[in-house]
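Working notes, beginning with the structure itself.
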Amino acid sequence: MAVLVNAETRVICQGITGSFGAVHTRGCLHYGTRLVGGVTPGKGGTRDANGLPIFDTVDQAVKATGAEATMIFVPPAFAADAILEAADAGVRVICAITEGVPVQDMVRTRAVLDEMNQNAPVGSRRFVLIGPNCPGIITPGPKTGSGESAADPYTSIGKRGVNGGGPGGGCKIGIMPGYIHTHVSEAKTGRSVGIVSRSGTLTYEAVWQTSRLGLAQSTCIGIGGDPIRGLNHIECLELFAQDPDTHGILMIGEIGGSDEIDAAKWVAEARGSGRLTKPVAAFIAGRTAPPGKRMGHAGAIIGGADDTADAKIKALQEAGVSVALSPADMGSAMAKAMGLV
Amino acid sequence: MKIHEYQARELLAGAGIPVPASMVIESPLVAEEAFHKVTKAAGMTSDNALAVVKAQVHAGGRGKAGFVKLVRTAAEAEAAARFMLTNRMVSVQTGPEGLAVKKLLMAAGVDIDKEYYLAVTTDRASRRNVLIASREGGVEIEQVAHERPEAILKQFLHPTLGLQGFAARKIAYALGFAGKLAGQAADIMQKLARAFVEKDCTLAEINPLVLTKDGNLLAIDAKFNFDDNGLFRHADLQAYADPAEENPAEVRASAAGLSYIALDGNIGCLVNGAGLAMATMDIIKLHGGQPANFLDVGGSASEQAVTEAFRIILSDAAVKGVLVNIFGGIMRCDVIAQGIVNAAKEVGFKVPLVVRLEGTNVEAGRRLLDAARKDIPTMQTATDLTDAAKKVCAAVG
């Protein structure tokens, strides 16, 4: 079990013929992701280097392959359009990897997605946007075979089959290095953590630390570093709280915005009402960041008192979250909170 | 990106928002003429002529430094211009060395009756653009918000329709405007909101918007900040960039596709990913050191970009040690290692260097570094983050 995506999820890549799109399509295939095709306007009817069918529109791709998820690698100027094209075609999990999407594009895009979700018939699945400016989402699978790439010793394309036949187990949608992740069957402790993070490489660091401590990851969600985005911390905490195979939750935040403060309030409330019974650990990056400077991520900027790392750390600690003060202690804070150390 | 006050005035005027008559001058020789022109355009005579001369720099604290002056005669205007263009401006924001002023704004003075505050920004929590207005303009709005939150009015913009007429009028009446003035104020709000969205701003602020004694509304001072992600579609705004106002190392880094911010410490950092870069600064501080910079080489930097990153870090004379922390995802560890080897040959590491590599192609990266050890005598490798932070902090002492 996992959240949002699993080995059965059919995935397409928007921007599959671009240099990034092509590289990461291959990486995801090596991991065992059930990639079923891609979209590049003007190249419909052809196939990519892996033999995946390419379509002109997402609509065509969905009709032909039954895709339920997409990873978007198109350039920033076209990313908002690509997100809405995916939603219009009925793709429920939309993962926008693209960095540099204008904030005003996301104000409009997010509003349209919210409206689509509000107007959807009761009981239908919601559109979930992950990102933009994020590493993606991964539900780790077991290392079942020798992948072609040394960095991804997972299910090889040969074993999995281009169109999703054969054994799999994991689903990697994005740019994260697959091999650092651990499937529960390979974890010493037999316990899995769900990880949600605004940062890419800091997530890899957290995954690596938890794997080294014998923990598995149920699902890791990189929600991205932009100020206006799809999923936020709270929504991921809710997903992990409900997932029976997630035993602990690790949240990685940073300066800027009030997401982590809101998450702290949610944790306190959900604990009180019994909706959250799992341990939560956290790390907040940017205690030494100067105010008013954009620290790489568009959203990582201190504008007011609630934006600072210290304010967020305090709120999380008051809500009973185990906060690692050093980035080297993210894994051990999680393990301790789970009573494993 | 930030722009100068005179450029902000151009944007306001372009959006159809009334601003006082003004001119930009770059020499005291034209100050007298500019004074005559702007005061005449504002309908003043030599009896009531009044103008303000303002240094055009991004740094704040101009007033206290004497770089904003009210002048009543052409001779006073010339003297003020001469002073500002020949002296360096030193304020709390410039550091003791100060900075040279190249451009001045000469603007007609205004007989002020009341001052208001107007701004549009993006509210992250609600994911909406929002108009912020107050009857208490001309002062620090943060202070007003803190002391009397009820004095701040907010109106969210519709995500696709923007600030609608009725919403602007609602705020105009709430600010106390009546009759024709309410219509004028609402019009200014709508124009400001439209400019904010069209120009991909992160802040569009008029402070103060003044009601003059003769009953007109004028935007006296404005501030625009822009979303760097949106700049690609605004050639007019790109032309506003003033590299002389930026940190030279930050400009150089940006040209190489690197994200760099200079800080006050002595440990240079080279990291991939913004979150990990911040976390690396944090762990240096946690172990008693002080980071000299934030540097994110990004996900797909070439060897050349990595070498340039080292040049930038080492060009800071304050740097007494360097910490490289890489968790390779898209970024391959062997590319970073090759960048280190190249930098060692080209620039040379005279200061201690601590390298921590993990992730994609880490074995190849470590082999490259091992092979080059004799060329980089100041290099130590670290096994994890804590080890790396301890080693670099110990090395700089």
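Each chain of the structure tokens is named A, B, ... in the order shown, its residues numbered from 1; ligands are numbered from 1 in display order.
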
*For chain B, list the residues within 9 Å of chain A, counting only C-alpha atoms, and write the list as JSON, numbers by chain.*
{"B": [122, 124, 125, 127, 128, 129, 159, 160, 197, 198, 200, 201, 202, 227, 228, 229, 230, 231, 232, 233, 259, 260, 261, 263, 272, 273, 274, 275, 276, 277, 278, 279, 280, 281, 282, 283, 285, 286, 291, 294, 295, 296, 298, 326, 327, 328, 329, 330, 358, 359, 360, 361, 384, 385, 386]}

Polymer residues at most 10 Å from A:Ile195, only C-alpha atoms, same-chain spacing of 3 or more positions, as a PDB file with C-alpha atoms, in the first residue's frame:
```pdb
ATOM      1  CA  ILE A 137       6.458  11.266  -6.307  1.00  0.00           C
ATOM      2  CA  ILE A 138       7.743   7.752  -5.685  1.00  0.00           C
ATOM      3  CA  SER A 192       7.617   2.394   6.493  1.00  0.00           C
ATOM      4  CA  THR A 203      14.389  14.714   0.400  1.00  0.00           C
ATOM      5  CA  ALA A 206      16.120  12.170   4.260  1.00  0.00           C
ATOM      6  CA  VAL A 207      15.382   9.031   2.226  1.00  0.00           C
ATOM      7  CA  GLN A 217       9.432   4.548   2.575  1.00  0.00           C
ATOM      8  CA  SER A 218       5.756   4.008   1.778  1.00  0.00           C
ATOM      9  CA  THR A 219       5.575   7.003  -0.579  1.00  0.00           C
ATOM     10  CA  CYS A 220       7.714  10.148  -0.912  1.00  0.00           C
ATOM     11  CA  ILE A 221       6.020  13.276  -2.224  1.00  0.00           C
ATOM     12  CA  GLY A 222       8.054  16.280  -3.331  1.00  0.00           C
ATOM     13  CA  CYS A 236      -0.031  14.911   2.324  1.00  0.00           C
ATOM     14  CA  LEU A 237      -0.161  14.508   6.115  1.00  0.00           C
ATOM     15  CA  PHE A 240      -0.274   9.435   5.136  1.00  0.00           C
ATOM     16  CA  THR A 246       2.617   4.248   6.616  1.00  0.00           C
ATOM     17  CA  GLY A 248       5.527   7.354  10.615  1.00  0.00           C
ATOM     18  CA  ILE A 249       5.492  10.682   8.768  1.00  0.00           C
ATOM     19  CA  LEU A 250       8.524  12.845   8.022  1.00  0.00           C
ATOM     20  CA  MET A 251       7.838  16.400   6.876  1.00  0.00           C
ATOM     21  CA  ILE A 252      10.562  18.581   5.403  1.00  0.00           C
ATOM     22  CA  VAL A 280       5.437  12.848  12.987  1.00  0.00           C
ATOM     23  CA  ALA A 281       8.982  14.181  12.644  1.00  0.00           C
ATOM     24  CA  ALA A 282      10.117  17.284  10.791  1.00  0.00           C
TER      25      ALA A 282
END
```

*asked:* With only C-alpha atoms as the counted atoms, please give the residues lying no more than 10 Å from B:Ala55, apart from itself and same-chain residues fewer than 3 positions off, as a list in words.
replied: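 Everything that qualifies: His4, Glu5, Tyr6, Val24, Ile25, His58, Ala59, Arg62, Gly63, Gly66, Phe67, Val68, Lys69, Ala80, Ala81, Met84, Leu85, Met89, Ala100, Val101, Lys102, Lys103, Leu104, Leu105 and Met106 of chain B.
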
*Give the helix (DSSP H, G or I) residues of stretch 1-160 of chain A, as assigned by DSSP on the backbone, as a ChimeraX atom specification.*
/A:19-31,58-65,76-88,103-119,157-160

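Here atom CA of A:Lys63 stands at a distance of 22.8 Å from atom CA of A:Gly174.
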
_Atomic separation - atom CA of B:Ile312 relative to atom CA of B:Ala249, Å_ =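 It comes out at 6.3 Å.
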
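Atom pair atom CA of B:Gln184 / atom CA of B:Val71 has a distance of 29.6 Å (rounded to one decimal).
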
_Using only C-alpha atoms for the distances, tell me which of B:Glu142, B:Glu346, B:Asp187, B:Glu150 is nearest to B:Ala168._
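Using only C-alpha atoms, B:Ala168 sits closest to B:Asp187.
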
*Go through A:Trp266, A:Phe78, A:Phe73, A:Phe55 one by one, measure the shortest atom-to-atom distance of each to A:Gly131 using only C-alpha atoms, and give the residue with the smallest value.*
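Nearest to A:Gly131: A:Phe73.
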
_Picked from stretch 63-302 of chain B by DSSP as strand (DSSP E), as a PyMOL selection string_ = chain B and resi 68-71+104-108+112-123+128-134+152-156+201-212+217-219+222-226+259-262+267-271+293-296

For A:Ser185: contacts at 9 Å, only C-alpha atoms, fewer than 4 positions along chain excluded, given as a PDB file with N, CA and C atoms, in the first residue's frame:
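Listing of selection33.pdb after writing:
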```
ATOM      1  N   GLY A 141       9.539   0.261  -4.939  1.00  0.00           N
ATOM      2  CA  GLY A 141       9.281  -1.158  -5.154  1.00  0.00           C
ATOM      3  C   GLY A 141      10.516  -1.946  -4.756  1.00  0.00           C
ATOM      4  N   PRO A 142      10.389  -3.284  -4.646  1.00  0.00           N
ATOM      5  CA  PRO A 142      11.549  -4.111  -4.284  1.00  0.00           C
ATOM      6  C   PRO A 142      12.570  -4.143  -5.418  1.00  0.00           C
ATOM      7  N   GLY A 190      11.128  -3.347   9.160  1.00  0.00           N
ATOM      8  CA  GLY A 190       9.805  -3.716   8.677  1.00  0.00           C
ATOM      9  C   GLY A 190       8.787  -2.589   8.787  1.00  0.00           C
ATOM     10  N   ALA A 216      11.786   1.676   5.678  1.00  0.00           N
ATOM     11  CA  ALA A 216      11.345   1.770   4.293  1.00  0.00           C
ATOM     12  C   ALA A 216      10.583   3.077   4.116  1.00  0.00           C
TER      13      ALA A 216
END
```

*Identify, on the basis of only C-alpha atoms, every residue whose closest approach to A:Ala335 does not exceed 8 Å; exclude the query and any residue fewer than 6 positions from it along the same chain; express the result as a list of chain:residue names.*
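Returned residues: A:Thr210, A:Leu213, A:Leu215, A:Val341.
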
Once you have the residues from the selection above, write them out as a PDB file, in the first residue's frame, restricted to C-alpha atoms.
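Result went into part.pdb, see below:
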```
ATOM      1  CA  THR A 210      15.908   6.571   6.822  1.00  0.00           C
ATOM      2  CA  LEU A 213      18.419   3.194   9.652  1.00  0.00           C
ATOM      3  CA  LEU A 215      13.317   2.070   7.521  1.00  0.00           C
ATOM      4  CA  VAL A 341      16.081   3.746  18.666  1.00  0.00           C
TER       5      VAL A 341
END
```

*Surrounding residues of A:Glu269 excluding itself and chain neighbours under 6 positions, 9 Å, only C-alpha atoms, as a list in words*: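 Near neighbours after the sequence-gap exclusion: Arg275, Leu276 and Ala319 of chain A.
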